>>> print(open('query-v4.cif').read())   # mmCIF, C-alpha atoms
data_run
loop_
_atom_site.label_atom_id
_atom_site.label_comp_id
_atom_site.auth_asym_id
_atom_site.auth_seq_id
_atom_site.Cartn_x
_atom_site.Cartn_y
_atom_site.Cartn_z
CA MET A 1 -35.79 -34.75 -22.19
CA SER A 2 -35.54 -31.80 -19.83
CA MET A 3 -32.56 -33.41 -18.11
CA ALA A 4 -30.82 -33.83 -21.43
CA LEU A 5 -31.43 -30.19 -22.27
CA SER A 6 -30.25 -28.86 -18.94
CA SER A 7 -27.08 -30.89 -19.12
CA LEU A 8 -26.12 -29.14 -22.35
CA PRO A 9 -23.70 -26.24 -21.95
CA HIS A 10 -25.61 -22.92 -21.73
CA PRO A 11 -25.00 -20.81 -24.88
CA GLY A 12 -23.76 -17.27 -24.38
CA PRO A 13 -22.78 -15.66 -21.11
CA ARG A 14 -23.72 -17.38 -17.86
CA LYS A 15 -27.07 -16.38 -16.42
CA ASP A 16 -26.69 -14.42 -13.20
CA ALA A 17 -29.62 -15.46 -11.02
CA ALA A 18 -29.52 -12.35 -8.82
CA MET A 19 -29.38 -10.03 -11.84
CA ALA A 20 -32.27 -11.91 -13.50
CA ALA A 21 -34.35 -11.61 -10.35
CA ARG A 22 -33.63 -7.87 -10.15
CA LEU A 23 -34.54 -7.40 -13.79
CA GLY A 24 -37.74 -9.37 -13.31
CA ARG A 25 -38.66 -7.31 -10.26
CA SER A 26 -38.09 -4.02 -12.04
CA ARG A 27 -40.16 -5.18 -15.03
CA GLN A 28 -42.97 -6.25 -12.73
CA ARG A 29 -42.80 -2.97 -10.85
CA LYS A 30 -42.99 -0.95 -14.07
CA ASP A 31 -45.95 -3.01 -15.19
CA ARG A 32 -47.74 -2.49 -11.88
CA ILE A 33 -47.14 1.29 -11.90
CA ILE A 34 -48.48 1.68 -15.42
CA ARG A 35 -51.49 -0.51 -14.71
CA THR A 36 -52.28 1.57 -11.65
CA LEU A 37 -51.97 4.77 -13.70
CA CYS A 38 -54.35 3.37 -16.33
CA ILE A 39 -56.93 2.47 -13.71
CA ALA A 40 -56.48 5.95 -12.25
CA ALA A 41 -57.07 7.48 -15.71
CA THR A 42 -60.34 5.57 -16.04
CA VAL A 43 -61.41 6.62 -12.56
CA VAL A 44 -60.61 10.26 -13.43
CA GLY A 45 -62.80 9.97 -16.54
CA LEU A 46 -65.68 8.50 -14.55
CA VAL A 47 -65.32 11.08 -11.77
CA LEU A 48 -65.49 13.90 -14.34
CA LEU A 49 -68.68 12.44 -15.82
CA ALA A 50 -70.16 12.03 -12.34
CA SER A 51 -69.22 15.61 -11.49
CA ILE A 52 -70.97 16.95 -14.59
CA LEU A 53 -74.11 14.94 -13.89
CA ALA A 54 -74.09 15.80 -10.18
CA THR A 55 -73.71 19.52 -10.93
CA LEU A 56 -76.58 19.38 -13.41
CA PHE A 57 -78.92 17.52 -11.09
CA TYR A 58 -77.99 19.46 -7.97
CA ARG A 59 -78.26 22.89 -9.56
CA GLY A 60 -81.08 21.90 -11.88
CA PHE A 61 -83.43 20.48 -9.26
CA GLU A 62 -83.18 23.66 -7.21
CA ALA A 63 -84.74 25.57 -10.08
CA MET A 64 -87.09 22.79 -11.17
CA SER A 65 -90.82 23.27 -10.75
CA LEU A 66 -94.01 22.86 -12.74
CA ARG A 67 -93.68 26.47 -13.88
CA VAL A 68 -90.63 25.51 -15.95
CA PHE A 69 -92.83 23.33 -18.16
CA THR A 70 -95.97 25.44 -18.23
CA HIS A 71 -94.74 29.02 -18.73
CA VAL A 72 -92.68 30.71 -21.39
CA THR A 73 -89.56 32.64 -20.50
CA ALA A 74 -90.27 35.92 -18.71
CA PRO A 75 -88.10 39.04 -18.60
CA PRO A 76 -85.24 38.93 -16.08
CA GLY A 77 -86.42 39.51 -12.54
CA SER A 78 -89.85 37.94 -12.93
CA GLU A 79 -90.86 34.31 -12.56
CA GLY A 80 -91.00 32.48 -15.85
CA GLY A 81 -90.54 29.06 -17.35
CA LEU A 82 -88.84 27.41 -20.27
CA LEU A 83 -91.85 26.10 -22.20
CA ASN A 84 -90.78 27.83 -25.40
CA ALA A 85 -87.27 26.37 -25.28
CA ILE A 86 -88.48 22.90 -24.38
CA ARG A 87 -91.09 22.90 -27.14
CA HIS A 88 -88.54 24.00 -29.72
CA ALA A 89 -86.03 21.45 -28.54
CA GLY A 90 -88.71 18.80 -29.00
CA TRP A 91 -89.53 19.93 -32.55
CA HIS A 92 -85.82 20.18 -33.29
CA LEU A 93 -85.24 16.63 -32.06
CA PHE A 94 -88.18 15.38 -34.11
CA GLY A 95 -86.81 17.13 -37.19
CA ARG A 96 -83.35 15.70 -36.63
CA ILE A 97 -84.67 12.16 -36.25
CA ARG A 98 -86.70 12.46 -39.46
CA GLN A 99 -83.68 13.89 -41.23
CA GLY A 100 -81.54 11.05 -39.91
CA PHE A 101 -83.94 8.48 -41.27
CA LEU A 102 -83.96 10.15 -44.68
CA ALA A 103 -80.20 10.48 -44.92
CA GLY A 104 -79.17 7.20 -43.36
CA VAL B 1 -91.67 -7.18 -68.16
CA ALA B 2 -91.49 -7.31 -64.38
CA ARG B 3 -87.68 -7.69 -64.58
CA ARG B 4 -87.25 -4.70 -66.83
CA SER B 5 -89.28 -2.44 -64.61
CA SER B 6 -87.29 -3.47 -61.54
CA SER B 7 -83.98 -2.79 -63.31
CA LEU B 8 -85.35 0.62 -64.26
CA GLY B 9 -86.10 1.18 -60.56
CA ASP B 10 -82.54 0.21 -59.71
CA LYS B 11 -81.20 2.73 -62.19
CA ILE B 12 -83.37 5.52 -60.86
CA PHE B 13 -82.43 4.71 -57.29
CA ALA B 14 -78.73 4.65 -58.17
CA LEU B 15 -79.06 8.02 -59.86
CA VAL B 16 -80.86 9.51 -56.88
CA CYS B 17 -78.18 8.22 -54.50
CA GLN B 18 -75.44 9.55 -56.74
CA ALA B 19 -77.14 12.92 -56.92
CA ALA B 20 -77.47 13.04 -53.13
CA SER B 21 -73.79 12.35 -52.54
CA ILE B 22 -72.68 14.82 -55.21
CA PHE B 23 -75.01 17.39 -53.68
CA VAL B 24 -73.25 17.05 -50.32
CA LEU B 25 -69.88 17.59 -52.01
CA ILE B 26 -71.18 20.66 -53.85
CA LEU B 27 -72.58 22.00 -50.59
CA LEU B 28 -69.19 21.61 -48.90
CA GLY B 29 -67.41 23.30 -51.78
CA ALA B 30 -69.98 26.10 -51.86
CA LEU B 31 -69.47 26.68 -48.15
CA ILE B 32 -65.72 27.12 -48.59
CA VAL B 33 -66.10 29.37 -51.62
CA GLU B 34 -68.79 31.45 -49.93
CA LEU B 35 -66.68 31.92 -46.79
CA PHE B 36 -63.71 32.94 -48.91
CA ILE B 37 -65.70 35.45 -50.98
CA ALA B 38 -67.32 36.91 -47.87
CA GLY B 39 -63.93 37.21 -46.19
CA LEU B 40 -62.26 38.66 -49.28
CA PRO B 41 -62.61 42.32 -48.18
CA ALA B 42 -60.58 41.48 -45.06
CA PHE B 43 -57.89 39.69 -47.07
CA ARG B 44 -57.83 42.65 -49.50
CA ALA B 45 -57.55 45.24 -46.75
CA PHE B 46 -54.86 43.55 -44.68
CA GLY B 47 -53.22 41.15 -47.11
CA LEU B 48 -51.45 38.09 -45.83
CA ALA B 49 -50.60 40.03 -42.66
CA PHE B 50 -54.19 39.35 -41.59
CA VAL B 51 -53.10 35.86 -40.57
CA THR B 52 -50.23 37.04 -38.37
CA SER B 53 -51.44 40.44 -37.15
CA THR B 54 -52.41 40.56 -33.48
CA ASP B 55 -54.58 43.67 -33.83
CA TRP B 56 -58.27 43.49 -33.07
CA ASP B 57 -59.52 47.05 -32.87
CA PRO B 58 -63.10 47.47 -34.09
CA VAL B 59 -62.97 51.25 -33.44
CA GLN B 60 -60.09 51.84 -35.84
CA GLU B 61 -61.19 48.97 -38.07
CA LEU B 62 -57.94 47.09 -37.62
CA PHE B 63 -58.40 43.35 -37.62
CA GLY B 64 -55.96 40.45 -37.45
CA ALA B 65 -56.29 36.74 -36.90
CA GLY B 66 -53.03 36.24 -34.98
CA VAL B 67 -54.46 36.17 -31.45
CA SER B 68 -57.32 33.82 -32.21
CA ILE B 69 -55.23 31.50 -34.37
CA TYR B 70 -52.69 31.36 -31.53
CA GLY B 71 -55.46 30.65 -29.01
CA THR B 72 -57.04 28.00 -31.22
CA ILE B 73 -53.81 26.12 -31.78
CA VAL B 74 -52.55 26.41 -28.19
CA THR B 75 -55.80 25.24 -26.61
CA ALA B 76 -56.25 22.41 -29.11
CA VAL B 77 -52.68 21.15 -28.76
CA LEU B 78 -52.76 21.47 -24.96
CA ALA B 79 -56.07 19.60 -24.93
CA ILE B 80 -54.44 16.80 -26.93
CA VAL B 81 -51.49 16.72 -24.52
CA LEU B 82 -53.87 16.38 -21.58
CA ALA B 83 -56.36 14.01 -23.22
CA VAL B 84 -54.09 11.48 -24.96
CA PRO B 85 -52.47 9.95 -21.83
CA LEU B 86 -55.87 9.80 -20.16
CA ALA B 87 -57.51 8.26 -23.23
CA PHE B 88 -54.69 5.77 -23.57
CA GLY B 89 -55.12 4.77 -19.94
CA VAL B 90 -58.85 4.28 -20.43
CA ALA B 91 -58.35 2.24 -23.62
CA PHE B 92 -55.62 0.13 -22.01
CA PHE B 93 -57.86 -0.48 -19.01
CA LEU B 94 -60.86 -1.38 -21.15
CA THR B 95 -59.01 -3.79 -23.45
CA GLU B 96 -56.47 -5.47 -21.15
CA LEU B 97 -57.09 -4.85 -17.48
CA ALA B 98 -60.82 -4.67 -16.79
CA PRO B 99 -62.71 -7.87 -16.00
CA PRO B 100 -65.11 -8.64 -18.88
CA TRP B 101 -68.26 -7.73 -16.93
CA MET B 102 -66.88 -4.24 -16.34
CA ARG B 103 -65.91 -3.40 -19.91
CA ARG B 104 -69.28 -2.51 -21.34
CA PRO B 105 -70.61 -0.29 -18.54
CA VAL B 106 -67.33 1.58 -18.08
CA GLY B 107 -66.87 1.96 -21.84
CA THR B 108 -70.42 3.27 -22.18
CA ALA B 109 -69.90 5.71 -19.30
CA ILE B 110 -66.79 7.14 -20.96
CA GLU B 111 -68.66 7.40 -24.27
CA LEU B 112 -71.42 9.27 -22.44
CA LEU B 113 -68.94 12.13 -22.06
CA ALA B 114 -69.35 12.59 -25.81
CA ALA B 115 -73.11 12.88 -25.42
CA VAL B 116 -72.95 15.82 -23.02
CA PRO B 117 -73.92 18.96 -24.97
CA SER B 118 -71.10 21.48 -25.25
CA ILE B 119 -73.12 24.24 -23.58
CA ILE B 120 -73.25 22.05 -20.49
CA TYR B 121 -69.48 21.65 -20.56
CA GLY B 122 -69.36 25.43 -20.70
CA MET B 123 -71.61 25.90 -17.69
CA TRP B 124 -69.93 23.15 -15.74
CA GLY B 125 -66.53 24.62 -16.56
CA PHE B 126 -67.67 28.05 -15.47
CA PHE B 127 -69.34 27.00 -12.20
CA VAL B 128 -67.18 24.06 -11.12
CA ILE B 129 -63.83 23.98 -12.88
CA ALA B 130 -63.00 27.69 -13.02
CA PRO B 131 -63.54 28.30 -9.26
CA ALA B 132 -61.62 25.13 -8.39
CA PHE B 133 -58.76 26.22 -10.64
CA ALA B 134 -58.77 29.77 -9.28
CA GLN B 135 -58.78 28.78 -5.62
CA ASN B 136 -56.69 25.64 -5.45
CA ILE B 137 -55.00 24.34 -8.56
CA GLN B 138 -53.64 27.46 -10.25
CA PRO B 139 -52.17 29.08 -7.09
CA TRP B 140 -50.33 25.85 -6.36
CA ILE B 141 -49.00 25.55 -9.93
CA ILE B 142 -47.98 29.22 -10.01
CA ASP B 143 -46.10 28.86 -6.71
CA ASN B 144 -44.34 25.67 -7.73
CA ILE B 145 -44.01 25.08 -11.47
CA GLY B 146 -44.06 28.84 -12.12
CA GLU B 147 -40.61 29.05 -10.48
CA TRP B 148 -39.03 26.49 -12.78
CA PRO B 149 -36.49 27.63 -15.36
CA LEU B 150 -37.36 27.52 -19.09
CA ILE B 151 -41.03 26.54 -18.77
CA GLY B 152 -41.87 28.56 -15.64
CA PHE B 153 -43.11 31.59 -17.60
CA LEU B 154 -45.96 29.50 -19.01
CA PHE B 155 -47.42 29.12 -15.52
CA GLN B 156 -47.14 32.62 -14.11
CA GLY B 157 -49.61 35.42 -13.61
CA ALA B 158 -52.80 35.76 -11.66
CA PRO B 159 -55.02 32.72 -10.99
CA PHE B 160 -58.17 33.93 -12.76
CA GLY B 161 -59.59 30.45 -13.06
CA THR B 162 -60.56 31.16 -16.66
CA GLY B 163 -58.08 31.33 -19.51
CA LEU B 164 -56.34 29.24 -22.13
CA PHE B 165 -55.45 26.45 -19.70
CA THR B 166 -58.99 26.04 -18.39
CA ALA B 167 -60.34 26.03 -21.95
CA ALA B 168 -57.81 23.36 -22.90
CA PHE B 169 -58.80 21.31 -19.84
CA ILE B 170 -62.49 21.39 -20.78
CA LEU B 171 -61.60 20.56 -24.39
CA ALA B 172 -59.52 17.63 -23.17
CA ILE B 173 -62.52 16.16 -21.36
CA MET B 174 -64.70 16.71 -24.43
CA ILE B 175 -62.37 14.91 -26.83
CA LEU B 176 -61.37 12.18 -24.36
CA PRO B 177 -64.25 9.84 -25.34
CA PHE B 178 -63.48 10.12 -29.07
CA ILE B 179 -59.81 9.31 -28.66
CA ALA B 180 -60.46 6.58 -26.08
CA ALA B 181 -63.13 4.92 -28.23
CA THR B 182 -60.89 4.94 -31.32
CA MET B 183 -57.95 3.55 -29.35
CA ARG B 184 -60.10 0.83 -27.77
CA ASP B 185 -61.53 -0.22 -31.13
CA VAL B 186 -58.13 -0.48 -32.80
CA PHE B 187 -56.53 -2.20 -29.79
CA GLU B 188 -59.25 -4.84 -29.99
CA GLN B 189 -58.34 -5.54 -33.61
CA VAL B 190 -54.87 -6.80 -32.79
CA PRO B 191 -54.91 -10.55 -33.57
CA PRO B 192 -54.91 -12.42 -30.23
CA VAL B 193 -52.17 -14.75 -31.46
CA PHE B 194 -49.71 -11.82 -31.59
CA LYS B 195 -50.40 -10.88 -27.99
CA GLU B 196 -50.42 -14.50 -26.84
CA SER B 197 -47.00 -15.10 -28.39
CA ALA B 198 -45.60 -12.16 -26.45
CA TYR B 199 -47.24 -13.33 -23.22
CA GLY B 200 -45.83 -16.79 -23.93
CA LEU B 201 -42.32 -15.32 -24.00
CA GLY B 202 -42.93 -13.94 -20.51
CA ALA B 203 -43.78 -10.34 -21.38
CA THR B 204 -45.73 -8.30 -18.86
CA THR B 205 -49.04 -6.64 -19.80
CA TRP B 206 -47.30 -3.30 -20.36
CA GLU B 207 -44.59 -4.91 -22.49
CA VAL B 208 -47.24 -6.53 -24.66
CA MET B 209 -48.91 -3.13 -25.02
CA LYS B 210 -45.66 -1.34 -25.83
CA GLY B 211 -44.08 -4.03 -27.98
CA VAL B 212 -47.04 -5.54 -29.82
CA VAL B 213 -50.29 -3.59 -29.59
CA ILE B 214 -48.96 -0.05 -30.07
CA PRO B 215 -46.65 -0.83 -33.02
CA TYR B 216 -49.50 -2.76 -34.68
CA THR B 217 -52.03 0.06 -34.23
CA ARG B 218 -49.76 3.11 -34.31
CA VAL B 219 -51.15 4.73 -37.45
CA SER B 220 -54.77 4.30 -36.36
CA VAL B 221 -53.98 5.68 -32.90
CA VAL B 222 -52.51 8.81 -34.48
CA GLY B 223 -55.62 9.00 -36.65
CA GLY B 224 -57.80 8.91 -33.55
CA VAL B 225 -55.73 11.66 -31.96
CA MET B 226 -56.15 13.78 -35.10
CA LEU B 227 -59.91 13.18 -34.90
CA GLY B 228 -59.85 14.60 -31.38
CA LEU B 229 -57.71 17.53 -32.54
CA GLY B 230 -60.21 18.34 -35.28
CA ARG B 231 -63.02 18.44 -32.73
CA ALA B 232 -61.00 20.59 -30.36
CA LEU B 233 -60.23 23.16 -33.08
CA GLY B 234 -63.85 23.93 -33.87
CA GLU B 235 -65.40 23.75 -30.40
CA THR B 236 -67.18 27.01 -29.64
CA MET B 237 -69.58 27.22 -26.74
CA ALA B 238 -67.65 25.50 -23.98
CA VAL B 239 -64.53 27.46 -24.88
CA THR B 240 -66.32 30.81 -24.99
CA PHE B 241 -67.51 30.26 -21.41
CA VAL B 242 -64.09 29.73 -19.88
CA ILE B 243 -61.37 31.21 -22.09
CA GLY B 244 -61.61 34.77 -20.74
CA ASN B 245 -62.17 36.44 -24.13
CA ALA B 246 -59.23 38.82 -24.40
CA ASN B 247 -57.79 39.84 -27.75
CA ARG B 248 -54.15 39.67 -26.78
CA ILE B 249 -51.53 36.98 -26.57
CA SER B 250 -50.40 36.40 -23.00
CA THR B 251 -47.25 34.40 -22.45
CA SER B 252 -48.82 32.55 -19.52
CA LEU B 253 -51.17 29.65 -20.19
CA PHE B 254 -53.32 30.95 -17.34
CA GLY B 255 -53.91 34.25 -19.14
CA PRO B 256 -57.15 34.99 -20.95
CA GLY B 257 -57.30 34.59 -24.72
CA ASN B 258 -59.59 33.77 -27.60
CA THR B 259 -60.05 31.08 -30.18
CA ILE B 260 -61.33 31.62 -33.70
CA ALA B 261 -64.63 29.98 -32.82
CA SER B 262 -65.15 31.89 -29.57
CA LEU B 263 -64.27 35.22 -31.18
CA VAL B 264 -66.72 34.66 -34.02
CA ALA B 265 -69.44 33.56 -31.58
CA LEU B 266 -68.95 36.66 -29.44
CA GLU B 267 -68.61 39.32 -32.11
CA PHE B 268 -70.82 38.07 -34.91
CA GLY B 269 -73.96 39.53 -33.38
CA GLU B 270 -72.55 43.01 -33.17
CA SER B 271 -71.05 43.38 -36.62
CA GLU B 272 -72.97 45.20 -39.33
CA ILE B 273 -73.68 43.74 -42.73
CA GLY B 274 -71.07 44.86 -45.24
CA SER B 275 -68.65 46.02 -42.55
CA LEU B 276 -64.99 45.15 -42.55
CA LYS B 277 -65.49 43.48 -39.17
CA LEU B 278 -68.01 41.01 -40.56
CA ALA B 279 -65.66 40.28 -43.45
CA SER B 280 -62.84 39.70 -40.96
CA LEU B 281 -64.97 37.30 -38.93
CA LEU B 282 -65.92 35.37 -42.05
CA ALA B 283 -62.27 35.31 -43.08
CA LEU B 284 -61.53 33.84 -39.63
CA GLY B 285 -64.18 31.23 -40.33
CA PHE B 286 -62.48 30.44 -43.63
CA ILE B 287 -59.13 29.96 -41.87
CA LEU B 288 -60.75 27.72 -39.24
CA PHE B 289 -62.45 25.71 -41.98
CA LEU B 290 -59.12 25.12 -43.75
CA LEU B 291 -57.43 24.22 -40.46
CA SER B 292 -59.97 21.66 -39.29
CA PHE B 293 -60.51 20.34 -42.80
CA ALA B 294 -56.78 19.61 -43.09
CA VAL B 295 -56.71 17.92 -39.67
CA LEU B 296 -59.80 15.80 -40.28
CA ALA B 297 -58.64 14.83 -43.77
CA THR B 298 -55.36 13.64 -42.27
CA SER B 299 -57.28 11.70 -39.64
CA ARG B 300 -59.45 10.02 -42.28
CA TYR B 301 -56.38 9.15 -44.31
CA LEU B 302 -54.64 7.57 -41.31
CA LEU B 303 -57.77 5.68 -40.24
CA ARG B 304 -58.71 4.53 -43.77
CA SER B 305 -57.73 0.88 -43.31
CA ARG B 306 -59.76 0.61 -40.11
CA LEU B 307 -62.79 2.37 -41.53
CA LYS B 308 -62.79 0.12 -44.57
CA ALA B 309 -62.87 -2.99 -42.40
#
>>> encode(input="query-v4.cif", output="structure tokens")
Amino acid sequence: MSMALSSLPHPGPRKDAAMAARLGRSRQRKDRIIRTLCIAATVVGLVLLASILATLFYRGFEAMSLRVFTHVTAPPGSEGGLLNAIRHAGWHLFGRIRQGFLAG
Amino acid sequence: VARRSSSLGDKIFALVCQAASIFVLILLGALIVELFIAGLPAFRAFGLAFVTSTDWDPVQELFGAGVSIYGTIVTAVLAIVLAVPLAFGVAFFLTELAPPWMRRPVGTAIELLAAVPSIIYGMWGFFVIAPAFAQNIQPWIIDNIGEWPLIGFLFQGAPFGTGLFTAAFILAIMILPFIAATMRDVFEQVPPVFKESAYGLGATTWEVMKGVVIPYTRVSVVGGVMLGLGRALGETMAVTFVIGNANRISTSLFGPGNTIASLVALEFGESEIGSLKLASLLALGFILFLLSFAVLATSRYLLRSRLKA
């Protein structure tokens, strides 16, 4: 079957093997470059996320202590905590969840 | 008897649901009308020129929306320009290139970017991105691309670190997960037989993407991009941190500026009730509402087939 097909005259212009190989190489190269760029894009996205989290943890832990959870915010210059903000965030979250249940 | 009472329950429930959805619509309409009425004094005082005027002089009571509309559109469009190639790369990676075990964790990590509160983007931009831009990236761009003909003027000036470009960069990261997730979801909906036929003809992965997947999903991809644009237009806190807050249009993208949202956030607290300034800020809000409403409505329209499915 394959012999019969290959013995038929090739339709259209003759296939230039060297040209076909060049074309194939350039298509493969383009594919590889774009794939690499896509992987790079994903890595960039992950690095940005990691940078945000690292900044938060690194800078946040420096200021983290029990006082943050047990004291309300004091005037600038004196030692205070964030109890008021944390408590309100908690109530806010609770309210949002309840709202979400009611609406959805 | 039991049947009748249950059908009565159905009717009541349907009515309640109907009322709830109509109430949301009325609320939306009321918001627009209220913003317009509150901003009316500004439109009366300055006419249509309010939209184009670049004045913002609280002392002489001269207000115009030109600077902040310019800033809003430039940062949002620049954010799209930065985010779309990145989002496309992520979506391409997640649907075609990544090994199956990697898809979920990486996809979730990218989506986590959407869960970061905007105030944290603002702080991160201010403490990490702005110094990095000021010390390394902007000087290099100013020295190199700033010398180019035609587009060079966009990249000149002093490397402040903050400014329109930094704001657009932060916005790009914020909208990246939305665009990437939309693209990934629509890419996954391409029937495998289409892609397999192209692979069978000897196409490379990129050729399948370009020749089969993108043409099949083009409208939805544009819809996803519009979704990102709508988010970028209204973003307030992160932008306010890094945009530089200057009420003038600078030709350079590195110059400071303002967006509608950041200007309102900054000046709302110091405007008196009944003053022309408050009216101008509310008029700005009205313009922003129209802008993002138009963009999001377009996005919904383009994504309608996907959302129905």
>>> closest_atom_pairs(input="query-v4.cif", of="chain A", to="chain B", cutoff="9 Å", atoms="only C-alpha atoms", output="CSV")
residue,atom,partner,partner_atom,distance
A:Arg27,CA,B:Thr204,CA,7.4
A:Gln28,CA,B:Thr204,CA,7.0
A:Lys30,CA,B:Trp206,CA,8.0
A:Asp31,CA,B:Trp206,CA,5.4
A:Arg32,CA,B:Trp206,CA,8.5
A:Ile34,CA,B:Trp206,CA,7.1
A:Arg35,CA,B:Trp206,CA,7.6
A:Leu37,CA,B:Gly89,CA,7.0
A:Cys38,CA,B:Gly89,CA,3.9
A:Ile39,CA,B:Phe93,CA,6.1
A:Ala40,CA,B:Gly89,CA,7.9
A:Ala41,CA,B:Leu86,CA,5.2
A:Thr42,CA,B:Val90,CA,4.8
A:Val43,CA,B:Val90,CA,8.6
A:Val44,CA,B:Leu86,CA,8.2
A:Gly45,CA,B:Ile110,CA,6.6
A:Leu46,CA,B:Ile110,CA,6.6
A:Leu48,CA,B:Ile173,CA,8.0
A:Leu49,CA,B:Leu113,CA,6.3
A:Ser51,CA,B:Trp124,CA,8.7
A:Ile52,CA,B:Trp124,CA,6.4
A:Thr55,CA,B:Trp124,CA,7.1
A:Leu56,CA,B:Trp124,CA,8.0
>>> resolve_selection(input="query-v4.cif", expression="the PyMOL selection byres ((chain A and resi 86-93) around 12)", output="count of residues only")
18
>>> atom_distance(input="query-v4.cif", atom1="CA of Pro100 in chain B", atom2="CA of Ile214 in chain B")
21.4 Å
>>> atom_distance(input="query-v4.cif", atom1="CA of Gly274 in chain B", atom2="CA of Ala42 in chain B")
11.0 Å
>>> atom_distance(input="query-v4.cif", atom1="CA of Ser292 in chain B", atom2="CA of Leu233 in chain B")
6.4 Å
>>> resolve_selection(input="query-v4.cif", expression="the PyMOL selection byres ((chain B and resi 152) around 12)", output="PDB file with C-alpha atoms, in the coordinates of the input")
ATOM      1  CA  ILE B 141     -49.000  25.550  -9.930  1.00  0.00           C
ATOM      2  CA  ILE B 142     -47.980  29.220 -10.010  1.00  0.00           C
ATOM      3  CA  ASP B 143     -46.100  28.860  -6.710  1.00  0.00           C
ATOM      4  CA  ASN B 144     -44.340  25.670  -7.730  1.00  0.00           C
ATOM      5  CA  ILE B 145     -44.010  25.080 -11.470  1.00  0.00           C
ATOM      6  CA  GLY B 146     -44.060  28.840 -12.120  1.00  0.00           C
ATOM      7  CA  GLU B 147     -40.610  29.050 -10.480  1.00  0.00           C
ATOM      8  CA  TRP B 148     -39.030  26.490 -12.780  1.00  0.00           C
ATOM      9  CA  PRO B 149     -36.490  27.630 -15.360  1.00  0.00           C
ATOM     10  CA  LEU B 150     -37.360  27.520 -19.090  1.00  0.00           C
ATOM     11  CA  ILE B 151     -41.030  26.540 -18.770  1.00  0.00           C
ATOM     12  CA  PHE B 153     -43.110  31.590 -17.600  1.00  0.00           C
ATOM     13  CA  LEU B 154     -45.960  29.500 -19.010  1.00  0.00           C
ATOM     14  CA  PHE B 155     -47.420  29.120 -15.520  1.00  0.00           C
ATOM     15  CA  GLN B 156     -47.140  32.620 -14.110  1.00  0.00           C
ATOM     16  CA  GLY B 157     -49.610  35.420 -13.610  1.00  0.00           C
ATOM     17  CA  THR B 251     -47.250  34.400 -22.450  1.00  0.00           C
ATOM     18  CA  SER B 252     -48.820  32.550 -19.520  1.00  0.00           C
ATOM     19  CA  LEU B 253     -51.170  29.650 -20.190  1.00  0.00           C
ATOM     20  CA  PHE B 254     -53.320  30.950 -17.340  1.00  0.00           C
TER      21      PHE B 254
END
>>> resolve_selection(input="query-v4.cif", expression="the PyMOL selection byres ((chain B and resi 267) around 12)", output="ChimeraX atom specification")
/B:56-58,240,245,247,258,260-266,268-272,277-282,284
>>> residues_around(input="query-v4.cif", residues="Thr75 in chain B", least_positions_apart="3", cutoff="8 Å", atoms="only C-alpha atoms", output="NGL selection string")
:B and (71-72 or 78-79 or 164-165 or 167-168 or 171 or 232)
>>> residues_around(input="query-v4.cif", residues="Thr52 in chain B", least_positions_apart="2", cutoff="9 Å", atoms="only C-alpha atoms", output="list in words")
Leu48, Ala49, Phe50, Thr54, Gly64, Ala65, Gly66, Val67 and Ile69 of chain B
>>> residues_around(input="query-v4.cif", residues="Gly163 in chain B", least_positions_apart="2", cutoff="7 Å", atoms="only C-alpha atoms", output="list in words")
Gly161, Phe165, Thr166, Ala167, Val242, Ile243, Gly244, Phe254, Gly255, Pro256 and Gly257 of chain B
>>> axis_aligned_box(input="query-v4.cif", around="range 238-244 of chain B", padding_each_side="8 Å", output="lines of an AutoDock Vina configuration file")
center_x = -64.5
center_y = 30.1
center_z = -22.4
size_x = 22.3
size_y = 25.3
size_z = 21.1
>>> residues_around(input="query-v4.cif", residues="Glu34 in chain B", least_positions_apart="2", cutoff="12 Å", atoms="all atoms listed in the file", output="list in words")
Ile26, Leu27, Leu28, Gly29, Ala30, Leu31, Ile32, Phe36, Ile37, Ala38, Gly39, Leu40, Ala279, Leu282, Ala283, Gly285, Phe286 and Phe289 of chain B
